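Source file: query.tsv (TSV, C-alpha atoms and all ligand atoms)
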chain	number	residue	atom	x	y	z
A	1	MET	CA	7.96	19.19	4.62
A	2	SER	CA	9.58	16.55	6.78
A	3	ARG	CA	11.15	13.81	4.60
A	4	LYS	CA	11.39	10.29	6.06
A	5	THR	CA	14.14	8.07	4.67
A	6	THR	CA	14.88	5.49	7.35
A	7	VAL	CA	13.02	2.22	7.93
A	8	GLN	CA	11.92	3.23	11.40
A	9	ALA	CA	10.78	6.74	10.41
A	10	VAL	CA	8.78	5.50	7.39
A	11	ASN	CA	7.21	2.73	9.43
A	12	GLU	CA	6.22	5.18	12.19
A	13	MET	CA	4.77	7.59	9.63
A	14	LEU	CA	2.69	5.03	7.69
A	15	ALA	CA	1.75	2.82	10.66
A	16	PRO	CA	1.60	5.25	13.59
A	17	PRO	CA	0.68	3.25	16.71
A	18	ASP	CA	-1.65	5.82	18.24
A	19	VAL	CA	-3.50	7.23	15.20
A	20	ALA	CA	-6.95	5.83	14.29
A	21	VAL	CA	-7.67	4.60	10.73
A	22	GLN	CA	-10.29	7.35	10.43
A	23	ALA	CA	-7.62	10.00	10.96
A	24	LEU	CA	-5.31	8.33	8.41
A	25	LEU	CA	-8.15	8.35	5.88
A	26	GLN	CA	-8.76	12.03	6.56
A	27	MET	CA	-5.13	12.84	5.91
A	28	ARG	CA	-4.97	10.82	2.71
A	29	ALA	CA	-8.22	12.31	1.42
A	30	LYS	CA	-6.85	15.81	2.05
A	31	GLU	CA	-3.69	14.99	0.10
A	32	ASN	CA	-5.71	13.49	-2.80
A	33	ARG	CA	-8.34	16.20	-3.37
A	34	HIS	CA	-6.99	16.79	-6.87
A	35	LEU	CA	-7.98	13.22	-7.91
A	36	GLU	CA	-11.58	14.01	-7.12
A	37	HIS	CA	-11.69	17.35	-8.93
A	38	GLY	CA	-9.49	16.42	-11.90
A	39	LEU	CA	-10.59	12.85	-12.68
A	40	GLY	CA	-13.78	12.22	-10.75
A	41	VAL	CA	-12.26	9.59	-8.39
A	42	GLN	CA	-14.75	8.92	-5.57
A	43	SER	CA	-13.23	5.88	-3.83
A	44	THR	CA	-11.43	5.53	-0.52
A	45	PHE	CA	-8.42	7.38	-1.97
A	46	VAL	CA	-10.38	10.66	-1.66
A	47	SER	CA	-12.80	9.79	1.12
A	48	GLU	CA	-12.60	10.25	4.87
A	49	ASP	CA	-15.43	7.82	5.42
A	50	ILE	CA	-14.57	4.56	7.13
A	51	GLY	CA	-17.60	2.80	5.56
A	52	THR	CA	-16.48	3.80	2.02
A	53	HIS	CA	-13.03	2.41	2.87
A	54	ALA	CA	-14.45	-0.94	4.04
A	55	ILE	CA	-16.77	-1.36	1.03
A	56	PHE	CA	-14.12	-0.44	-1.52
A	57	LEU	CA	-11.52	-2.72	0.07
A	58	GLU	CA	-13.96	-5.59	0.10
A	59	SER	CA	-14.77	-5.17	-3.60
A	60	VAL	CA	-11.05	-4.96	-4.51
A	61	LYS	CA	-10.25	-8.10	-2.50
A	62	GLU	CA	-13.13	-9.92	-4.19
A	63	LEU	CA	-11.83	-8.81	-7.63
A	64	LEU	CA	-8.33	-10.06	-6.81
A	65	SER	CA	-9.45	-13.37	-5.32
A	66	ARG	CA	-11.38	-14.13	-8.54
A	67	ASN	CA	-8.12	-13.69	-10.44
A	68	GLY	CA	-5.69	-15.39	-8.07
A	69	MET	CA	-3.05	-17.66	-9.64
A	70	LYS	CA	-4.89	-20.85	-8.76
A	71	THR	CA	-8.25	-19.78	-10.21
A	72	PRO	CA	-9.92	-20.18	-13.64
A	73	GLY	CA	-9.86	-16.34	-13.71
A	74	TRP	CA	-6.03	-16.45	-13.89
A	75	LYS	CA	-6.12	-18.95	-16.78
A	76	ARG	CA	-8.40	-16.58	-18.68
A	77	LEU	CA	-6.13	-13.66	-17.75
A	78	VAL	CA	-3.16	-15.46	-19.35
A	79	ARG	CA	-5.05	-15.73	-22.65
A	80	VAL	CA	-6.31	-12.14	-22.48
A	81	THR	CA	-2.71	-11.04	-21.89
A	82	GLU	CA	-1.40	-12.92	-24.95
A	83	GLN	CA	-4.17	-11.44	-27.10
A	84	GLY	CA	-3.73	-7.94	-25.65
A	85	VAL	CA	0.01	-7.92	-26.40
A	86	ASN	CA	-0.59	-9.08	-30.00
A	87	HIS	CA	-3.32	-6.53	-30.52
A	88	PHE	CA	-1.14	-3.52	-29.65
A	89	LEU	CA	2.09	-4.60	-31.42
A	90	PRO	CA	2.80	-1.89	-34.00
A	91	ALA	CA	2.75	-2.39	-37.78
A	92	ALA	CA	5.96	-0.29	-37.97
A	93	SER	CA	6.98	1.30	-34.63
A	94	CYS	CA	5.57	2.89	-31.49
A	95	ASP	CA	6.63	4.49	-28.21
A	96	PHE	CA	7.40	1.74	-25.69
A	97	ALA	CA	5.75	3.35	-22.65
A	98	THR	CA	2.57	4.11	-24.61
A	99	PHE	CA	2.46	0.47	-25.75
A	100	ILE	CA	2.79	-0.83	-22.15
A	101	ARG	CA	0.14	1.61	-20.90
A	102	CYS	CA	-2.34	0.45	-23.57
A	103	VAL	CA	-1.59	-3.27	-23.07
A	104	THR	CA	-1.91	-3.04	-19.26
A	105	PHE	CA	-5.13	-1.03	-19.47
A	106	HIS	CA	-6.60	-3.48	-22.01
A	107	ILE	CA	-5.76	-6.54	-19.86
A	108	TRP	CA	-7.09	-4.90	-16.71
A	109	VAL	CA	-10.39	-3.94	-18.36
A	110	VAL	CA	-11.01	-7.03	-20.55
A	111	GLY	CA	-9.38	-9.56	-18.23
A	112	VAL	CA	-10.14	-8.36	-14.71
A	113	LEU	CA	-13.10	-5.98	-14.88
A	114	ASN	CA	-15.15	-7.86	-17.52
A	115	PRO	CA	-14.81	-11.50	-16.44
A	116	ASP	CA	-17.91	-12.58	-18.36
A	117	GLY	CA	-17.01	-10.90	-21.65
A	118	PRO	CA	-15.13	-12.53	-24.55
A	119	GLN	CA	-11.43	-13.08	-23.79
A	120	ASP	CA	-10.50	-11.71	-27.23
A	121	GLY	CA	-12.67	-8.61	-26.67
A	122	ILE	CA	-11.41	-5.36	-28.22
A	123	LEU	CA	-12.11	-2.00	-26.60
A	124	GLN	CA	-13.54	-0.12	-29.56
A	125	SER	CA	-12.59	3.56	-29.71
A	126	THR	CA	-15.56	5.75	-28.98
A	127	ASP	CA	-14.80	9.45	-28.81
A	128	LEU	CA	-11.58	8.59	-26.91
A	129	SER	CA	-9.27	5.69	-27.80
A	130	VAL	CA	-7.48	3.44	-25.26
A	131	GLU	CA	-4.29	5.38	-25.97
A	132	GLN	CA	-5.99	8.73	-25.30
A	133	VAL	CA	-7.55	7.50	-22.06
A	134	THR	CA	-4.25	6.14	-20.75
A	135	ASN	CA	-2.56	9.39	-21.76
A	136	VAL	CA	-5.12	11.30	-19.67
A	137	PHE	CA	-4.28	9.24	-16.57
A	138	PHE	CA	-0.54	9.37	-17.17
A	139	GLY	CA	-0.56	13.12	-17.89
A	140	PHE	CA	-2.61	13.71	-14.77
A	141	SER	CA	-0.16	11.72	-12.62
A	142	GLU	CA	2.76	13.70	-13.96
A	143	THR	CA	1.33	17.22	-14.09
A	144	GLY	CA	-1.83	17.17	-11.98
A	145	GLY	CA	-3.89	18.39	-14.96
A	146	THR	CA	-5.83	17.19	-18.01
A	147	SER	CA	-7.88	18.76	-20.80
A	148	VAL	CA	-10.53	16.01	-20.60
A	149	THR	CA	-13.38	16.59	-18.15
A	150	PRO	CA	-14.25	13.94	-15.53
A	151	SER	CA	-17.67	13.42	-17.14
A	152	HIS	CA	-16.11	12.84	-20.57
A	153	LEU	CA	-13.72	10.28	-19.07
A	154	HIS	CA	-16.55	8.68	-17.12
A	155	SER	CA	-18.78	8.26	-20.19
A	156	THR	CA	-15.94	6.68	-22.22
A	157	LEU	CA	-15.03	4.21	-19.46
A	158	LYS	CA	-18.68	3.34	-18.86
A	159	ARG	CA	-18.89	1.87	-22.39
A	160	TRP	CA	-15.98	-0.48	-21.70
A	161	ILE	CA	-16.64	-1.50	-18.11
A	162	THR	CA	-19.73	-3.43	-17.17
A	163	CYS	CA	-20.74	-2.23	-13.73
A	164	ASP	CA	-23.29	-3.97	-11.53
A	165	GLU	CA	-26.57	-2.22	-11.06
A	166	ASP	CA	-24.86	-0.97	-7.90
A	167	ALA	CA	-25.26	2.81	-7.73
A	168	HIS	CA	-21.78	3.23	-6.21
A	169	CYS	CA	-19.94	1.74	-9.17
A	170	ASN	CA	-17.72	4.43	-10.63
A	171	PRO	CA	-15.56	3.16	-13.54
A	172	VAL	CA	-12.78	5.69	-12.81
A	173	ASP	CA	-12.39	4.17	-9.33
A	174	LEU	CA	-11.75	0.76	-10.90
A	175	ILE	CA	-8.98	2.10	-13.12
A	176	TYR	CA	-7.15	4.83	-11.26
A	177	PRO	CA	-4.83	4.60	-9.38
A	178	MET	CA	-4.48	0.80	-9.73
A	179	CYS	CA	-3.75	0.68	-13.44
A	180	GLU	CA	-1.52	3.75	-13.29
A	181	LYS	CA	0.79	2.01	-10.81
A	182	LEU	CA	0.74	-1.36	-12.53
A	183	TRP	CA	1.89	-0.28	-15.99
A	184	ARG	CA	4.89	1.52	-14.46
A	185	LEU	CA	6.01	-1.73	-12.82
A	186	VAL	CA	5.55	-3.64	-16.10
A	187	ALA	CA	7.46	-1.03	-18.13
A	188	ALA	CA	10.36	-0.88	-15.65
A	189	THR	CA	10.58	-4.70	-15.51
A	190	VAL	CA	10.78	-5.05	-19.31
A	191	ILE	CA	13.62	-2.49	-19.43
A	192	CYS	CA	15.49	-4.02	-16.46
A	193	ALA	CA	15.24	-7.47	-18.07
A	194	GLN	CA	16.58	-6.02	-21.31
A	195	ARG	CA	19.59	-4.55	-19.51
A	196	CYS	CA	20.28	-7.33	-17.01
A	197	PRO	CA	20.77	-10.72	-18.76
A	198	VAL	CA	20.27	-12.74	-15.55
A	199	SER	CA	16.63	-11.52	-15.47
A	200	LYS	CA	15.59	-12.81	-18.88
A	201	ASN	CA	15.32	-16.57	-18.43
A	202	PRO	CA	13.29	-16.65	-15.18
A	203	LEU	CA	10.70	-14.36	-16.81
A	204	LEU	CA	10.63	-16.40	-20.04
A	205	ASP	CA	10.21	-19.59	-17.97
A	206	PHE	CA	7.26	-17.91	-16.27
A	207	CYS	CA	5.88	-16.99	-19.72
A	208	ASP	CA	5.79	-20.70	-20.65
A	209	ASN	CA	4.51	-21.84	-17.27
A	210	PRO	CA	2.69	-18.97	-15.48
A	211	THR	CA	2.08	-20.74	-12.16
A	212	GLU	CA	2.66	-19.69	-8.56
A	213	ARG	CA	5.38	-22.33	-8.19
A	214	GLN	CA	7.25	-21.17	-11.29
A	215	PHE	CA	6.98	-17.54	-10.15
A	216	ARG	CA	8.92	-18.34	-6.99
A	217	SER	CA	11.33	-20.93	-8.47
A	218	SER	CA	15.03	-20.34	-8.93
A	219	ARG	CA	16.52	-21.77	-12.10
A	220	SER	CA	18.46	-24.90	-11.53
A	221	PRO	CA	21.32	-25.63	-11.75
A	222	ASP	CA	22.55	-22.03	-11.36
A	223	HIS	CA	20.04	-21.13	-8.60
A	224	GLY	CA	19.73	-17.66	-10.03
A	225	PRO	CA	16.92	-15.28	-9.08
A	226	SER	CA	13.28	-16.25	-9.48
A	227	ALA	CA	10.73	-14.12	-11.37
A	228	ALA	CA	9.49	-12.97	-7.93
A	229	ASP	CA	13.02	-11.82	-6.99
A	230	ILE	CA	13.25	-9.81	-10.22
A	231	ILE	CA	9.94	-8.06	-9.61
A	232	ASN	CA	10.96	-7.30	-6.00
A	233	GLU	CA	14.18	-5.73	-7.21
A	234	VAL	CA	12.30	-3.61	-9.79
A	235	LEU	CA	9.91	-2.47	-7.05
A	236	ARG	CA	12.92	-1.59	-4.89
A	237	VAL	CA	14.90	0.35	-7.50
A	238	HIS	CA	11.97	1.78	-9.52
A	239	PRO	CA	8.98	1.97	-7.13
A	240	PRO	CA	5.83	3.04	-9.06
A	241	VAL	CA	4.85	5.19	-6.05
A	242	GLN	CA	7.97	7.14	-5.20
A	243	GLU	CA	6.60	9.02	-2.21
A	244	ILE	CA	3.62	8.98	0.13
A	245	SER	CA	2.63	12.23	1.86
A	246	ARG	CA	0.44	12.78	4.91
A	247	PRO	CA	-0.57	16.26	5.96
A	248	TYR	CA	-0.67	15.58	9.68
A	249	GLY	CA	-3.48	17.59	11.25
A	250	LEU	CA	-1.69	18.22	14.52
A	251	PRO	CA	-2.18	21.09	16.96
A	252	LEU	CA	-0.03	24.14	16.11
A	253	TRP	CA	2.59	23.58	18.84
A	254	GLN	CA	3.17	20.04	17.57
A	255	THR	CA	3.39	21.07	13.90
A	256	LEU	CA	6.18	23.50	14.86
A	257	LEU	CA	8.08	20.53	16.20
A	258	MET	CA	7.17	17.93	13.56
A	259	GLU	CA	6.40	20.01	10.44
A	260	ARG	CA	2.93	19.66	9.06
A	261	VAL	CA	3.45	17.56	5.92
A	262	GLN	CA	5.38	14.36	6.32
A	263	MET	CA	6.67	12.51	3.27
A	264	ALA	CA	7.88	8.91	3.10
A	265	ASP	CA	10.60	8.74	0.45
A	266	ILE	CA	10.03	5.18	-0.82
A	267	LYS	CA	13.02	5.02	-3.13
A	268	ALA	CA	15.40	6.26	-0.42
A	269	VAL	CA	14.17	3.94	2.35
A	270	GLN	CA	14.49	0.93	0.06
A	271	GLU	CA	18.27	1.42	0.10
A	272	PHE	CA	18.22	-0.20	3.57
A	273	ASP	CA	17.64	-3.76	4.73
A	274	ARG	CA	14.82	-4.75	7.09
A	275	GLU	CA	17.04	-4.18	10.09
A	276	GLY	CA	17.80	-0.63	8.99
A	277	GLU	CA	21.38	-1.12	7.67
A	278	ARG	CA	22.31	0.35	4.28
A	279	ILE	CA	22.59	-2.45	1.68
A	280	GLN	CA	25.58	-2.82	-0.65
A	281	GLU	CA	25.53	-0.78	-3.87
A	282	PRO	CA	21.87	0.12	-3.28
A	283	GLN	CA	21.40	1.83	-6.63
A	284	GLU	CA	22.47	-1.24	-8.61
A	285	PHE	CA	19.84	-3.62	-9.96
A	286	VAL	CA	20.76	-6.96	-8.36
A	287	PRO	CA	17.81	-9.43	-8.24
A	288	GLY	CA	20.00	-12.03	-6.48
A	289	ARG	CA	20.02	-9.90	-3.31
A	290	TRP	CA	16.45	-11.16	-2.66
A	291	GLN	CA	17.87	-14.63	-2.06
A	292	SER	CA	19.78	-13.56	1.04
A	293	GLU	CA	18.32	-14.31	4.42
A	294	LEU	CA	18.18	-10.62	5.36
A	295	LYS	CA	16.00	-8.98	2.69
A	296	PRO	CA	15.96	-5.33	1.64
A	297	ALA	CA	13.23	-3.16	3.20
A	298	ILE	CA	10.25	-2.81	0.86
A	299	PHE	CA	7.60	-0.08	1.16
A	300	ALA	CA	6.50	-0.01	-2.50
A	301	PHE	CA	2.98	-1.02	-1.42
A	302	GLY	CA	2.91	1.27	1.60
A	303	ASP	CA	2.67	0.11	5.20
A	304	GLY	CA	0.23	0.07	8.10
A	305	PRO	CA	-3.57	0.13	7.93
A	306	LEU	CA	-3.74	1.64	4.42
A	307	LYS	CA	-1.27	-0.79	2.85
A	308	CYS	CA	-2.11	-1.93	-0.69
A	309	PRO	CA	-4.44	-4.96	-0.84
A	310	ALA	CA	-2.84	-6.01	-4.16
A	311	GLU	CA	0.61	-6.48	-2.59
A	312	SER	CA	0.69	-10.23	-3.08
A	313	TRP	CA	-1.17	-10.35	-6.40
A	314	ALA	CA	0.19	-7.40	-8.43
A	315	PRO	CA	3.81	-8.72	-8.68
A	316	ALA	CA	2.72	-11.97	-10.42
A	317	PHE	CA	0.31	-10.08	-12.68
A	318	ALA	CA	3.07	-7.64	-13.65
A	319	ALA	CA	5.41	-10.60	-14.30
A	320	LEU	CA	2.77	-12.19	-16.53
A	321	ILE	CA	2.39	-9.08	-18.70
A	322	THR	CA	6.16	-8.49	-18.80
A	323	SER	CA	6.91	-12.06	-19.81
A	324	LYS	CA	4.33	-12.08	-22.61
A	325	VAL	CA	5.71	-8.77	-23.94
A	326	MET	CA	9.27	-10.16	-23.84
A	327	ASP	CA	8.13	-13.29	-25.65
A	328	ARG	CA	6.77	-11.24	-28.58
A	329	VAL	CA	9.29	-8.38	-28.56
A	330	ASN	CA	12.16	-10.82	-28.91
A	331	GLY	CA	14.20	-9.28	-31.72
A	332	VAL	CA	12.67	-11.59	-34.33
A	333	GLY	CA	9.15	-10.26	-34.94
A	334	HIS	CA	9.54	-6.99	-33.02
A	335	LYS	CA	12.47	-5.44	-31.18
A	336	LEU	CA	13.07	-2.92	-28.43
A	337	GLU	CA	15.37	0.01	-29.22
A	338	GLN	CA	16.66	2.91	-27.16
A	339	ILE	CA	16.49	6.09	-29.20
A	340	SER	CA	18.78	8.54	-27.42
A	341	HIS	CA	21.61	8.55	-24.90
A	342	ILE	CA	23.51	11.84	-25.11
A	343	GLY	CA	22.21	14.71	-22.99
A	344	SER	CA	19.21	12.59	-22.01
A	345	THR	CA	16.75	14.21	-19.60
A	346	ALA	CA	14.85	10.98	-19.00
A	347	GLN	CA	13.32	10.79	-15.54
A	348	TYR	CA	12.26	7.15	-15.79
A	349	CYS	CA	14.12	4.07	-17.05
A	350	TRP	CA	11.37	3.31	-19.61
A	351	GLU	CA	11.53	6.67	-21.39
A	352	GLU	CA	13.18	7.00	-24.82
A	353	TRP	CA	12.55	3.41	-25.88
A	354	VAL	CA	10.58	2.32	-28.95
A	355	ILE	CA	9.19	-0.97	-30.22
A	356	ARG	CA	9.93	-1.57	-33.90
A	357	LYS	CA	8.82	-4.28	-36.26
A	358	ALA	CA	11.96	-6.20	-37.19
A	359	LEU	CA	12.84	-6.24	-40.88
A	360	ALA	CA	12.31	-9.57	-42.60
A	361	GLN	CA	15.67	-11.36	-43.21
B	401	LIG	C1	2.45	-2.24	-8.89
B	401	LIG	C2	1.24	-2.01	-8.55
B	401	LIG	C3	0.82	-1.27	-7.31
B	401	LIG	C4	1.54	-0.52	-6.42
B	401	LIG	C5	3.02	-0.21	-6.45
B	401	LIG	C6	0.62	-0.04	-5.41
B	401	LIG	C7	0.97	0.77	-4.35
B	401	LIG	C8	0.11	1.19	-3.37
B	401	LIG	C9	0.47	2.03	-2.24
B	401	LIG	C10	1.85	2.61	-2.00
B	401	LIG	C11	-0.63	2.20	-1.48
B	401	LIG	C12	-0.70	2.95	-0.14
B	401	LIG	C13	-1.28	4.33	-0.32
B	401	LIG	C14	-1.24	5.13	0.96
B	401	LIG	O1	-0.67	4.74	1.97
B	401	LIG	O2	-1.82	6.23	0.91
B	401	LIG	C15	-1.71	1.49	-2.12
B	401	LIG	C16	-2.99	1.45	-1.66
B	401	LIG	C17	-4.02	0.82	-2.31
B	401	LIG	N1	-3.93	0.07	-3.47
B	401	LIG	FE1	-2.27	-0.35	-4.51
B	401	LIG	N2	-0.63	-0.53	-5.69
B	401	LIG	C18	-0.55	-1.28	-6.84
B	401	LIG	C19	-1.56	-1.95	-7.49
B	401	LIG	C20	-2.85	-2.00	-7.02
B	401	LIG	C21	-3.90	-2.74	-7.66
B	401	LIG	C22	-3.76	-3.59	-8.93
B	401	LIG	C23	-5.00	-2.53	-6.91
B	401	LIG	C24	-6.40	-3.06	-7.11
B	401	LIG	C25	-6.71	-4.19	-7.48
B	401	LIG	C26	-4.67	-1.66	-5.81
B	401	LIG	C27	-5.53	-1.20	-4.85
B	401	LIG	C28	-5.18	-0.38	-3.78
B	401	LIG	C29	-6.13	0.10	-2.79
B	401	LIG	C30	-7.63	-0.15	-2.77
B	401	LIG	C31	-5.39	0.83	-1.85
B	401	LIG	C32	-5.93	1.54	-0.61
B	401	LIG	C33	-5.81	0.64	0.59
B	401	LIG	C34	-6.49	1.19	1.82
B	401	LIG	O3	-6.96	2.31	1.78
B	401	LIG	O4	-6.58	0.48	2.83
B	401	LIG	N3	-3.34	-1.36	-5.91
B	401	LIG	N4	-1.24	0.88	-3.28
If you took the structure in this file and wrote it as structure tokens, what would it be?
Amino acid sequence: MSRKTTVQAVNEMLAPPDVAVQALLQMRAKENRHLEHGLGVQSTFVSEDIGTHAIFLESVKELLSRNGMKTPGWKRLVRVTEQGVNHFLPAASCDFATFIRCVTFHIWVVGVLNPDGPQDGILQSTDLSVEQVTNVFFGFSETGGTSVTPSHLHSTLKRWITCDEDAHCNPVDLIYPMCEKLWRLVAATVICAQRCPVSKNPLLDFCDNPTERQFRSSRSPDHGPSAADIINEVLRVHPPVQEISRPYGLPLWQTLLMERVQMADIKAVQEFDREGERIQEPQEFVPGRWQSELKPAIFAFGDGPLKCPAESWAPAFAALITSKVMDRVNGVGHKLEQISHIGSTAQYCWEEWVIRKALAQ
């Protein structure tokens, strides 16, 4: 395995100048076979076919444009988000990450995938609940396995997601891996805002006024970071996709030189700025660094021809969910608590947190 950690090396690996898109798709499909067998994913993430890529990308772009910040879809999404957060708040307490997974899934399905349904729609448990379904996806991402069969998952999702009569519509494709990446960004942002006081107010301002302008505005008079700066810094320090691998199908003599599997280490490369110099205290969470002229390098959404089409939409959507969670889990009605410090084996910043109903004064 050849690990890429510099801006130039990651850029060359993800956007190689002399490799056709078809070959990139082949490599990604090879790396993602397990998604097909384990979950029943059929989209471009597991396909070598250039036509499948074009059709899927077009449908994703259409989905996103219907929910852009200046559309009626976004206004509906704001209300679905408020209702989704309320719906999953616990009567006593619950695991924080599980809560964020359920809320994000609910908003994605009710708000984005069912635009004509009621905005206060509830995803009724069938044989699997929302929590169980999100656990299947999360467990699969972490371990590569699940005890639920793809057809079981498919039949549960089919009841919640209205697909067109289009024969290609596969509900798993509309959930994974999009939702799986999104909730991680939301969870990390809530925790970073809890730990870093300068992050709270820009997100709460965005909660009250969830517009494009507010998302990018610094707070006067202190000119602190905007909500967009905070999300960028979370993506830099806690990228939901930590590595991207490509099994380069090169001739044998070249693989001896280059090593067959190349891996872009996203977290490591984001310790540099766009000109390739190491930034100051790269492991510290400092949203204000996004206000400098020379920005940190960001590869959280990939690079090159297979770069994420949600790059400019997902940050605002994640900020919306985060801000509405912060507004309700504010220490008055519900509060966020860390449950263990000593000897912690936590791999992610959002582990070992719970949401508790605050006791009445
Ligand atoms: C925080 C949220 C997200 C992150 C961090 C993220 C990250 C990424 C990354 C790293 C890739 C490149 C994969 C590769 O090179 O193999 C990618 C591709 C992709 N993402 Fe996202 N993504 C996010 C959310 C979404 C959402 C919400 C959608 C759908 C609406 C989406 C749709 C896609 C698609 C369709 C591709 C494949 C692009 C192509 O093949 O040309 N992503 N994403």
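Between atom CA of Leu128 of chain A and atom CA of Trp353 of chain A lies a distance of 24.7 Å.
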- Query: So how far away is atom CA of Asn11 of chain A from atom CA of Ile298 of chain A, in Å?
  - Reply: 10.6 Å
- Query: Which residues sit within 6 Å of ligand LIG 401 (chain B), counting only C-alpha atoms and all ligand atoms, listed as a ChimeraX atom specification?
  - Reply: /A:28,44,57,60,178,181-182,185,240-241,300-302,305-310,314
- In Å, with one decimal, what is the gap from atom CA of Gly304 of chain A to atom CA of Phe105 of chain A?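 Going from atom CA of Gly304 of chain A over to atom CA of Phe105 of chain A, I get 28.1 Å.
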- Item | Within 12 Å of file point (12.0, -11.4, -24.9), counting all atoms listed in the file, expressed as number ranges by chain | A: 189-195, 197, 199-208, 321-336
Should you be able to, write segment 126-138 of chain A of this structure into a file that contains N, CA and C atoms, as a compact mmCIF listing (two decimals), in the first residue's frame.
# COMPACT_ATOMS: atom_id res chain seq x y z
N THR A 126 -41.29 -0.84 10.68
CA THR A 126 -41.92 -2.03 10.11
C THR A 126 -41.25 -3.19 10.85
N ASP A 127 -40.56 -4.06 10.14
CA ASP A 127 -39.83 -5.09 10.89
C ASP A 127 -38.50 -4.54 11.42
N LEU A 128 -37.99 -3.46 10.77
CA LEU A 128 -36.79 -2.78 11.28
C LEU A 128 -37.15 -1.33 11.59
N SER A 129 -36.63 -0.81 12.70
CA SER A 129 -36.87 0.60 13.05
C SER A 129 -35.81 1.47 12.38
N VAL A 130 -35.99 2.81 12.44
CA VAL A 130 -34.99 3.73 11.90
C VAL A 130 -33.64 3.48 12.59
N GLU A 131 -33.70 3.29 13.91
CA GLU A 131 -32.45 3.06 14.65
C GLU A 131 -31.75 1.79 14.16
N GLN A 132 -32.52 0.74 13.96
CA GLN A 132 -31.90 -0.52 13.49
C GLN A 132 -31.30 -0.37 12.09
N VAL A 133 -32.01 0.33 11.22
CA VAL A 133 -31.49 0.51 9.85
C VAL A 133 -30.19 1.32 9.88
N THR A 134 -30.18 2.39 10.66
CA THR A 134 -28.96 3.22 10.69
C THR A 134 -27.82 2.45 11.36
N ASN A 135 -28.17 1.57 12.31
CA ASN A 135 -27.12 0.74 12.91
C ASN A 135 -26.53 -0.23 11.89
N VAL A 136 -27.37 -0.72 10.98
CA VAL A 136 -26.87 -1.64 9.95
C VAL A 136 -25.82 -0.91 9.09
N PHE A 137 -26.16 0.30 8.64
CA PHE A 137 -25.22 1.05 7.79
C PHE A 137 -23.94 1.41 8.55
N PHE A 138 -24.12 1.86 9.78
CA PHE A 138 -22.95 2.26 10.58
C PHE A 138 -22.07 1.03 10.85
